[in-house]
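What's in protein.csv: CSV, C-alpha atoms
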chain,number,residue,atom,x,y,z
A,19,MET,CA,107.8,96.6,64.3
A,20,ARG,CA,105.9,99.0,66.6
A,21,LEU,CA,107.1,98.5,70.1
A,22,LEU,CA,105.9,100.1,73.3
A,23,ILE,CA,108.2,99.9,76.3
A,24,LEU,CA,106.7,100.6,79.7
A,25,GLY,CA,109.8,102.1,81.3
A,26,GLY,CA,112.6,102.4,78.8
A,27,THR,CA,114.9,104.9,80.4
A,28,GLU,CA,117.0,102.9,83.0
A,29,PHE,CA,119.1,99.8,82.9
A,30,VAL,CA,117.0,96.9,81.4
A,31,GLY,CA,114.4,99.3,79.9
A,32,ARG,CA,117.1,101.4,78.3
A,33,ALA,CA,118.9,98.4,76.9
A,34,LEU,CA,115.6,97.3,75.3
A,35,ALA,CA,115.0,100.7,73.8
A,36,GLU,CA,118.5,101.1,72.4
A,37,ALA,CA,118.4,97.5,71.0
A,38,ALA,CA,115.0,98.2,69.3
A,39,LEU,CA,116.2,101.5,67.8
A,40,ALA,CA,119.2,99.7,66.4
A,41,ARG,CA,116.8,97.4,64.6
A,42,ASN,CA,115.1,100.5,63.2
A,43,TRP,CA,111.9,99.6,65.0
A,44,ASP,CA,109.3,102.3,65.8
A,45,VAL,CA,109.8,102.7,69.6
A,46,THR,CA,107.6,104.4,72.1
A,47,VAL,CA,108.5,104.7,75.8
A,48,PHE,CA,106.1,105.4,78.5
A,49,HIS,CA,107.6,106.7,81.8
A,50,ARG,CA,107.3,109.2,84.5
A,51,GLY,CA,109.8,111.7,83.1
A,52,ARG,CA,112.4,111.4,85.8
A,53,HIS,CA,115.1,110.2,83.4
A,54,THR,CA,116.0,111.2,79.9
A,55,ALA,CA,114.7,108.8,77.2
A,56,PRO,CA,117.1,107.5,74.5
A,57,GLU,CA,117.2,109.8,71.4
A,58,GLY,CA,114.9,108.6,68.7
A,59,VAL,CA,112.0,107.2,70.7
A,60,THR,CA,108.5,108.6,71.0
A,61,VAL,CA,108.0,109.7,74.6
A,62,LEU,CA,104.7,109.4,76.5
A,63,HIS,CA,104.5,110.5,80.2
A,64,GLY,CA,102.5,109.2,83.1
A,65,ASP,CA,102.6,107.8,86.6
A,66,ARG,CA,101.2,104.2,86.6
A,67,LEU,CA,100.1,104.4,90.3
A,68,ALA,CA,98.4,107.8,90.0
A,69,ASP,CA,94.7,108.3,89.2
A,70,GLY,CA,94.5,108.9,85.5
A,71,GLY,CA,98.2,108.1,85.2
A,72,LEU,CA,97.7,105.9,82.1
A,73,ALA,CA,95.9,108.6,80.1
A,74,ALA,CA,98.7,108.9,77.6
A,75,LEU,CA,98.2,105.2,76.6
A,76,GLU,CA,94.5,105.5,75.8
A,77,GLY,CA,95.2,105.9,72.1
A,78,GLY,CA,97.6,104.1,69.8
A,79,ALA,CA,98.4,100.5,68.8
A,80,TRP,CA,101.5,98.4,68.9
A,81,ASP,CA,102.8,95.1,67.7
A,82,ALA,CA,104.2,94.3,71.2
A,83,VAL,CA,104.5,95.8,74.6
A,84,VAL,CA,107.5,95.1,77.0
A,85,ASP,CA,106.9,96.0,80.6
A,86,THR,CA,109.8,96.3,83.0
A,87,TRP,CA,107.8,97.1,86.1
A,88,SER,CA,109.0,95.7,89.4
A,89,ALA,CA,106.7,97.0,92.1
A,90,ALA,CA,103.0,96.7,92.9
A,91,PRO,CA,101.3,94.2,90.5
A,92,VAL,CA,98.3,96.4,90.1
A,93,ALA,CA,100.3,98.6,87.8
A,94,VAL,CA,100.8,95.7,85.4
A,95,ARG,CA,97.2,94.7,85.7
A,96,ASP,CA,95.9,98.2,84.8
A,97,ALA,CA,98.3,98.7,81.9
A,98,ALA,CA,97.8,95.2,80.4
A,99,ARG,CA,94.0,95.5,80.6
A,100,LEU,CA,94.2,98.9,78.9
A,101,LEU,CA,96.4,97.6,76.1
A,102,ALA,CA,95.0,94.1,75.5
A,103,ASP,CA,93.0,95.1,72.4
A,104,ARG,CA,95.6,97.3,70.9
A,105,ALA,CA,98.8,95.3,71.2
A,106,GLY,CA,99.8,92.0,69.6
A,107,GLY,CA,101.6,90.7,72.7
A,108,TYR,CA,102.8,91.6,76.2
A,109,ALA,CA,106.3,90.7,77.5
A,110,TYR,CA,106.7,91.1,81.2
A,111,ILE,CA,110.2,91.3,82.5
A,112,SER,CA,109.8,89.1,85.6
A,113,SER,CA,112.4,87.4,87.8
A,114,GLY,CA,113.7,84.0,88.8
A,115,SER,CA,112.6,85.0,92.3
A,116,VAL,CA,109.1,83.8,91.4
A,117,TYR,CA,110.2,80.2,91.9
A,118,ALA,CA,109.3,78.7,95.2
A,119,PHE,CA,112.1,78.3,97.8
A,120,PRO,CA,113.4,75.8,98.8
A,121,PRO,CA,113.2,74.1,95.4
A,122,THR,CA,112.2,70.5,94.9
A,123,GLY,CA,114.9,70.1,92.3
A,124,ARG,CA,116.9,72.1,89.8
A,125,ILE,CA,115.1,75.3,88.9
A,126,SER,CA,113.4,75.3,85.5
A,127,GLU,CA,110.2,76.8,84.0
A,128,SER,CA,108.2,73.8,85.3
A,129,ALA,CA,109.3,74.4,88.9
A,130,PRO,CA,106.7,75.5,91.5
A,131,VAL,CA,106.3,79.2,91.9
A,132,VAL,CA,105.6,81.2,95.1
A,133,ALA,CA,102.1,81.0,96.6
A,134,GLY,CA,99.9,83.9,97.6
A,135,ALA,CA,100.6,86.2,94.6
A,136,ASP,CA,97.8,88.6,93.8
A,137,PRO,CA,97.6,90.5,90.5
A,138,ASP,CA,95.4,93.1,92.3
A,139,ALA,CA,98.0,93.8,95.0
A,140,THR,CA,98.8,97.4,95.6
A,141,ASP,CA,102.0,96.8,97.5
A,142,ALA,CA,105.3,95.2,96.7
A,143,ASP,CA,106.6,94.3,100.2
A,144,ASP,CA,107.4,90.8,99.0
A,145,TYR,CA,109.4,91.0,95.8
A,146,ALA,CA,108.8,87.4,94.7
A,147,ARG,CA,105.1,87.6,95.1
A,148,ALA,CA,105.0,91.0,93.5
A,149,LYS,CA,106.7,89.7,90.4
A,150,ARG,CA,104.5,86.7,90.3
A,151,GLY,CA,101.5,88.9,90.7
A,152,GLY,CA,102.7,90.9,87.6
A,153,GLU,CA,103.0,87.7,85.7
A,154,LEU,CA,99.4,86.7,86.6
A,155,ALA,CA,98.2,90.2,85.6
A,156,ALA,CA,99.8,89.9,82.2
A,157,VAL,CA,98.4,86.5,81.5
A,158,ASP,CA,95.0,87.5,82.7
A,159,ALA,CA,94.8,90.4,80.2
A,160,PHE,CA,96.6,88.9,77.2
A,161,GLY,CA,96.0,85.1,77.6
A,162,GLU,CA,98.6,82.4,77.7
A,163,ASP,CA,99.1,82.6,74.0
A,164,ARG,CA,100.1,86.3,73.9
A,165,ALA,CA,101.8,86.8,77.3
A,166,LEU,CA,105.6,86.3,77.5
A,167,LEU,CA,107.1,86.0,81.0
A,168,VAL,CA,110.8,86.7,81.0
A,169,ARG,CA,112.2,85.4,84.3
A,170,ALA,CA,115.5,87.1,84.4
A,171,GLY,CA,118.2,86.1,86.8
A,172,LEU,CA,121.1,88.3,88.0
A,173,ILE,CA,121.4,91.2,85.6
A,174,LEU,CA,124.7,93.0,85.0
A,175,GLY,CA,125.9,95.5,82.3
A,176,PRO,CA,126.0,99.2,81.4
A,177,TYR,CA,123.4,101.4,83.1
A,178,GLU,CA,123.2,99.2,86.1
A,179,ASN,CA,121.4,101.0,88.9
A,180,ILE,CA,121.5,98.3,91.5
A,181,GLY,CA,125.2,98.7,92.4
A,182,ARG,CA,126.7,95.2,91.9
A,183,LEU,CA,129.2,95.3,89.1
A,184,PRO,CA,129.8,99.1,89.6
A,185,TRP,CA,130.8,98.5,93.2
A,186,TRP,CA,133.3,95.8,92.3
A,187,LEU,CA,134.8,97.9,89.5
A,188,ASN,CA,135.2,101.0,91.7
A,189,ARG,CA,136.6,98.9,94.6
A,190,ILE,CA,139.2,97.2,92.4
A,191,ALA,CA,140.1,100.4,90.6
A,192,ARG,CA,141.2,101.8,94.0
A,193,GLY,CA,143.9,99.1,94.1
A,194,GLY,CA,145.6,97.5,97.0
A,195,PRO,CA,144.6,94.3,98.7
A,196,VAL,CA,141.0,93.4,98.0
A,197,LEU,CA,138.9,90.7,99.7
A,198,ALA,CA,138.1,88.2,97.0
A,199,PRO,CA,135.5,85.8,98.2
A,200,GLY,CA,136.2,82.2,97.2
A,201,PRO,CA,136.4,79.8,95.9
A,202,ARG,CA,138.0,81.3,92.8
A,203,ASP,CA,136.3,78.8,90.5
A,204,LEU,CA,132.8,79.4,92.0
A,205,PRO,CA,130.4,79.2,89.0
A,206,LEU,CA,128.2,82.3,88.3
A,207,GLN,CA,125.0,82.6,86.4
A,208,TYR,CA,123.9,86.0,85.2
A,209,ILE,CA,122.8,87.9,82.1
A,210,ASP,CA,124.0,91.1,80.5
A,211,ALA,CA,121.1,93.4,80.2
A,212,ARG,CA,121.8,93.8,76.5
A,213,ASP,CA,121.6,90.1,75.9
A,214,LEU,CA,118.3,90.0,77.8
A,215,ALA,CA,117.1,92.8,75.5
A,216,GLU,CA,118.1,91.1,72.2
A,217,TRP,CA,116.5,87.8,73.2
A,218,THR,CA,113.3,89.6,74.4
A,219,LEU,CA,113.0,91.5,71.1
A,220,ASP,CA,113.5,88.4,69.1
A,221,ALA,CA,110.9,86.7,71.2
A,222,VAL,CA,108.2,89.3,70.7
A,223,ARG,CA,109.0,89.5,67.0
A,224,ASP,CA,108.5,85.7,66.8
A,225,ARG,CA,105.4,85.8,68.9
A,226,ARG,CA,106.7,83.6,71.7
A,227,SER,CA,104.7,83.2,74.8
A,228,GLY,CA,104.9,81.5,78.2
A,229,ALA,CA,107.7,81.5,80.8
A,230,TYR,CA,111.4,81.5,80.1
A,231,SER,CA,114.2,81.4,82.6
A,232,LEU,CA,116.5,84.0,81.1
A,233,VAL,CA,120.1,83.9,82.4
A,234,SER,CA,123.4,82.4,81.1
A,235,GLU,CA,124.3,78.8,81.6
A,236,SER,CA,125.8,78.1,85.1
A,237,GLY,CA,129.5,78.6,84.9
A,238,HIS,CA,129.3,81.0,82.0
A,239,ALA,CA,131.8,82.8,84.2
A,240,THR,CA,133.4,82.2,87.6
A,241,MET,CA,134.0,84.5,90.5
A,242,GLY,CA,137.7,84.6,89.5
A,243,GLU,CA,137.0,85.5,85.9
A,244,LEU,CA,134.6,88.3,87.0
A,245,LEU,CA,137.0,89.9,89.4
A,246,GLU,CA,140.1,89.4,87.3
A,247,SER,CA,138.2,91.0,84.4
A,248,CYS,CA,137.6,94.0,86.7
A,249,ALA,CA,141.3,94.2,87.5
A,250,ARG,CA,142.2,94.0,83.8
A,251,VAL,CA,139.9,96.7,82.5
A,252,THR,CA,140.6,99.1,85.3
A,253,GLY,CA,144.3,98.7,84.9
A,254,SER,CA,144.5,98.6,88.7
A,255,SER,CA,147.6,97.3,90.7
A,256,VAL,CA,145.1,95.4,92.8
A,257,GLU,CA,146.0,92.3,94.9
A,258,LEU,CA,143.0,89.9,94.9
A,259,ARG,CA,143.2,88.0,98.2
A,260,TRP,CA,141.1,84.9,97.8
A,261,THR,CA,139.4,84.1,101.0
A,262,ALA,CA,137.6,80.9,102.0
A,263,PRO,CA,133.9,81.2,102.2
A,264,GLU,CA,133.9,80.0,105.9
A,265,ASP,CA,136.3,82.8,106.8
A,266,VAL,CA,134.2,85.4,105.0
A,267,LEU,CA,131.1,84.3,106.8
A,268,ALA,CA,132.9,84.1,110.2
A,269,ALA,CA,133.8,87.8,109.8
A,270,GLY,CA,130.0,88.7,109.7
A,271,ILE,CA,130.1,89.7,106.1
A,272,GLU,CA,126.8,89.4,104.3
A,273,PRO,CA,126.9,87.6,101.0
A,274,TRP,CA,125.1,89.2,98.0
A,275,THR,CA,124.7,92.6,99.7
A,276,GLU,CA,128.1,93.4,101.2
A,277,LEU,CA,129.9,91.3,98.6
A,278,PRO,CA,127.7,91.8,95.5
A,279,VAL,CA,127.1,88.8,93.2
A,280,TRP,CA,128.8,86.4,95.6
A,281,LEU,CA,127.1,83.6,97.4
A,282,PRO,CA,128.9,80.9,99.3
A,283,PRO,CA,128.6,77.3,98.0
A,284,GLY,CA,125.4,75.7,99.2
A,285,GLU,CA,121.7,75.6,98.5
A,286,VAL,CA,121.1,79.4,98.0
A,287,HIS,CA,124.1,79.6,95.6
A,288,ASP,CA,122.8,76.6,93.6
A,289,VAL,CA,119.4,78.2,93.2
A,290,MET,CA,120.7,81.6,92.2
A,291,HIS,CA,123.6,80.3,90.0
A,292,GLY,CA,122.4,76.9,88.8
A,293,ALA,CA,119.1,77.2,86.9
A,294,ASP,CA,118.3,75.1,83.9
A,295,VAL,CA,118.2,77.5,81.0
A,296,SER,CA,117.9,74.9,78.1
A,297,LYS,CA,114.5,76.3,77.0
A,298,ALA,CA,115.9,79.8,76.5
A,299,LEU,CA,119.1,78.5,74.8
A,300,ALA,CA,116.9,76.5,72.4
A,301,ALA,CA,115.0,79.7,71.7
A,302,GLY,CA,118.1,81.5,70.7
A,303,LEU,CA,119.6,83.0,73.9
A,304,ARG,CA,123.3,84.0,73.3
A,305,CYS,CA,125.4,85.5,76.1
A,306,ARG,CA,128.5,87.6,75.5
A,307,PRO,CA,131.8,86.9,77.4
A,308,VAL,CA,132.1,88.3,80.9
A,309,GLY,CA,135.1,90.4,79.8
A,310,GLU,CA,132.9,92.3,77.4
A,311,THR,CA,130.3,93.0,80.0
A,312,VAL,CA,132.9,94.2,82.5
A,313,ALA,CA,134.8,96.3,80.0
A,314,ASP,CA,131.6,98.0,78.7
A,315,THR,CA,130.3,98.6,82.2
A,316,TRP,CA,133.6,100.2,83.1
A,317,GLU,CA,133.6,102.4,80.0
A,318,TRP,CA,130.1,103.6,80.9
A,319,LEU,CA,130.9,104.1,84.5
A,320,ARG,CA,133.9,106.3,83.7
A,321,GLY,CA,131.8,108.2,81.2
A,322,ILE,CA,129.4,109.3,84.0
A,323,GLY,CA,132.1,110.2,86.5
A,324,GLY,CA,132.5,106.9,88.3
A,325,VAL,CA,129.3,107.1,90.3
A,326,ALA,CA,126.6,104.8,89.2
A,327,PRO,CA,122.9,105.7,89.6
A,328,GLN,CA,121.1,104.1,92.5
A,329,ARG,CA,117.5,102.9,92.5
A,330,PRO,CA,115.8,104.5,95.6
A,331,ASP,CA,113.9,101.3,96.3
A,332,ARG,CA,117.0,99.2,96.6
A,333,PRO,CA,119.6,99.1,99.3
A,334,VAL,CA,123.1,100.5,98.7
A,335,LEU,CA,125.5,97.5,98.3
A,336,GLY,CA,129.1,97.0,99.1
A,337,LEU,CA,131.6,96.1,101.8
A,338,PRO,CA,132.5,98.7,104.4
A,339,THR,CA,136.2,99.5,104.4
A,340,GLU,CA,136.6,98.6,108.0
A,341,LYS,CA,135.1,95.1,107.6
A,342,GLU,CA,137.4,94.4,104.6
A,343,ALA,CA,140.5,95.6,106.5
A,344,ALA,CA,139.7,93.5,109.5
A,345,VAL,CA,139.5,90.3,107.4
A,346,LEU,CA,142.7,91.2,105.5
A,347,GLY,CA,144.6,92.2,108.7
A,348,ARG,CA,145.5,95.7,107.5
A,349,GLU,CA,145.0,99.2,108.8
A,350,VAL,CA,142.2,101.4,107.3
Show this structure as structure tokens.
Amino acid sequence: MRLLILGGTEFVGRALAEAALARNWDVTVFHRGRHTAPEGVTVLHGDRLADGGLAALEGGAWDAVVDTWSAAPVAVRDAARLLADRAGGYAYISSGSVYAFPPTGRISESAPVVAGADPDATDADDYARAKRGGELAAVDAFGEDRALLVRAGLILGPYENIGRLPWWLNRIARGGPVLAPGPRDLPLQYIDARDLAEWTLDAVRDRRSGAYSLVSESGHATMGELLESCARVTGSSVELRWTAPEDVLAAGIEPWTELPVWLPPGEVHDVMHGADVSKALAAGLRCRPVGETVADTWEWLRGIGGVAPQRPDRPVLGLPTEKEAAVLGREV
């Protein structure tokens, strides 16, 4: 299988490249050269937003393309048009953010998507519309029968460059009392980047097309299982202090950003952690236990000195020490 990955050096793209190499596929990665590509791939360089930036892709043919782009849709449009006659299919790693909010029911592939998306857009100020614009660009170039739209949910795992699970691991590793946002049995819905990669590779091999919500079943793990796994793998003498959602919010703490992954019970939580994924499960999605994701992420994090990479286009996440101390009633 000849696979072209547009990206392929960070987080999801790297998981895709490593999984494809493990299958003995012929893997080419196209990227800007800012990060080292996995050993064993063919490397092509270019900047998708620069004039002539796709020159390295003007020759060659592939059985499938996987595109991890998450900025201006015009980059997806130009790459997909260039490759439409030289690739069997085009998988675009999209996002569950493309679904319209508030939802009219439980989120599934048939749910309404955001309005106003433009495949020709040159900006990504609105993440949901940018991702939907990328979807439209892929379908426009490859057609509905050759375009696969992978609508990923919350993504965790080794190589994470957003700062969610790495923040929790580092905070819990420091030990002491830790603000644990409740309830402990709050259901989570996420996907390990490596499980996303394996499913996507199976899907392009099998010539799947159309949209798939790609994330674990709701309740695949709970907030308690996630944080207790962090405590276990780090070996920390941590004290998880479970705190009611209303007390967390009353302290002015921002869900999702200051306490990564966590959202209080309610409509936003149900959207982010309650999607219907029966279509992806029927198409072979398998998700590893949360303990494995946490342990492997900790091993990777320790191997790079404990400081995770940070995407420059995403905010730094985590709860300031002073805010945590104020809620827990202890001195900094």
Kindly assemble as JSON lines a list of the stretch 287-321 of chain A residues that lie within 10 Å of stretch 229-241 of chain A, each paired with its nearest atom pair and their distance in Å to one decimal, using only C-alpha atoms, sorted first by chain and then by ascending residue number.
{"residue": "A:Asp288", "atom": "CA", "partner": "A:Ser236", "partner_atom": "CA", "distance": 9.1}
{"residue": "A:Met290", "atom": "CA", "partner": "A:Ser236", "partner_atom": "CA", "distance": 9.4}
{"residue": "A:His291", "atom": "CA", "partner": "A:Ser236", "partner_atom": "CA", "distance": 5.8}
{"residue": "A:Gly292", "atom": "CA", "partner": "A:Ser236", "partner_atom": "CA", "distance": 5.2}
{"residue": "A:Ala293", "atom": "CA", "partner": "A:Ser236", "partner_atom": "CA", "distance": 7.0}
{"residue": "A:Asp294", "atom": "CA", "partner": "A:Glu235", "partner_atom": "CA", "distance": 7.4}
{"residue": "A:Val295", "atom": "CA", "partner": "A:Ser231", "partner_atom": "CA", "distance": 5.8}
{"residue": "A:Ser296", "atom": "CA", "partner": "A:Glu235", "partner_atom": "CA", "distance": 8.3}
{"residue": "A:Lys297", "atom": "CA", "partner": "A:Tyr230", "partner_atom": "CA", "distance": 6.8}
{"residue": "A:Ala298", "atom": "CA", "partner": "A:Tyr230", "partner_atom": "CA", "distance": 6.0}
{"residue": "A:Leu299", "atom": "CA", "partner": "A:Glu235", "partner_atom": "CA", "distance": 8.6}
{"residue": "A:Ala301", "atom": "CA", "partner": "A:Tyr230", "partner_atom": "CA", "distance": 9.3}
{"residue": "A:Leu303", "atom": "CA", "partner": "A:Leu232", "partner_atom": "CA", "distance": 7.9}
{"residue": "A:Arg304", "atom": "CA", "partner": "A:Ser234", "partner_atom": "CA", "distance": 8.0}
{"residue": "A:Cys305", "atom": "CA", "partner": "A:Ser234", "partner_atom": "CA", "distance": 6.2}
{"residue": "A:Arg306", "atom": "CA", "partner": "A:Ser234", "partner_atom": "CA", "distance": 9.2}
{"residue": "A:Pro307", "atom": "CA", "partner": "A:His238", "partner_atom": "CA", "distance": 7.9}
{"residue": "A:Val308", "atom": "CA", "partner": "A:Ala239", "partner_atom": "CA", "distance": 6.4}
{"residue": "A:Gly309", "atom": "CA", "partner": "A:Ala239", "partner_atom": "CA", "distance": 9.4}
Inset, instruction - Could you check which of A:Glu285, A:Asp265, A:Glu216, A:Glu310 is closest to A:Arg250, using all atoms listed in the file? - result: A:Glu310
Inset, instruction - Can you pull out every residue within 8 Å of A:Leu245, counting all atoms listed in the file, but drop anything in the same chain fewer than 4 positions away, and send it as an MDAnalysis selection string? - result: chainID A and resid 186 198 241 249
Inset, instruction - Can you work out which one of A:Leu24, A:Leu337, A:Val116, A:Cys248 has the shortest atom-to-atom distance to A:Trp87, counting all atoms listed in the file? - result: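 The closest residue to A:Trp87 is A:Leu24.
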Inset, instruction - Find the residues near stretch 159-169 of chain A: any atom within 7 Å, counting all atoms listed in the file, skip ones fewer than 5 places away on the same chain, and give them as a PyMOL selection string. - result: chain A and resi 98-99+102+107-114+153+226-232
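Our summary of the geometry notes that atom CA of A:Pro195 is positioned 7.7 Å from atom CA of A:Leu346.
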Legend entry - Distance in Å - atom CA of A:Asp158 versus atom CA of A:Ala142: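 If I compute the distance from atom CA of A:Asp158 to atom CA of A:Ala142, I get 19.0 Å.
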Legend entry - Atomic separation - atom CA of A:Gly336 relative to atom CA of A:Glu272, Å: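 Atom CA of A:Gly336 lies at a distance of 9.5 Å from atom CA of A:Glu272.
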Legend entry - From A:Leu75, A:Ala82, A:Ala40, A:Leu258, residue lying nearest A:Asp224 [only C-alpha atoms]: A:Ala82
Inset, instruction - Give me the residues within 12 Å of stretch 322-326 of chain A as a PyMOL selection string, counting all atoms listed in the file and dropping any in the same chain fewer than 6 places off. - result: chain A and resi 28-29+175-189+191-192+252+315-316+334-335
Inset, instruction - Would you kindly return, as a PyMOL selection string, each protein, DNA or RNA residue with an atom no farther than 10 Å from any atom of A:Gly31, considering only C-alpha atoms and excluding same-chain residues fewer than 6 positions away? - result: chain A and resi 23-25+37+47+55+84-87+111+177+211-212+215
Legend entry - Nearest candidate to A:Leu154 (options A:His63, A:Arg124, A:Arg95, A:Arg202; using all atoms listed in the file):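 Closest to A:Leu154 of all the choices is A:Arg95.
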Legend entry - For A:Asp314, the nearest of the candidates A:Val251, A:Ala68, A:Ala38, A:Ala105, counting all atoms listed in the file: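 Among the listed residues, the smallest separation from A:Asp314 belongs to A:Val251.
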Inset, instruction - May I ask which of the residues A:Pro333, A:Gly253, A:Gly26, A:Gly77 is the closest one to A:Glu57, counting all atoms listed in the file? - result: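 That would be A:Gly26, the residue with the smallest distance to A:Glu57.
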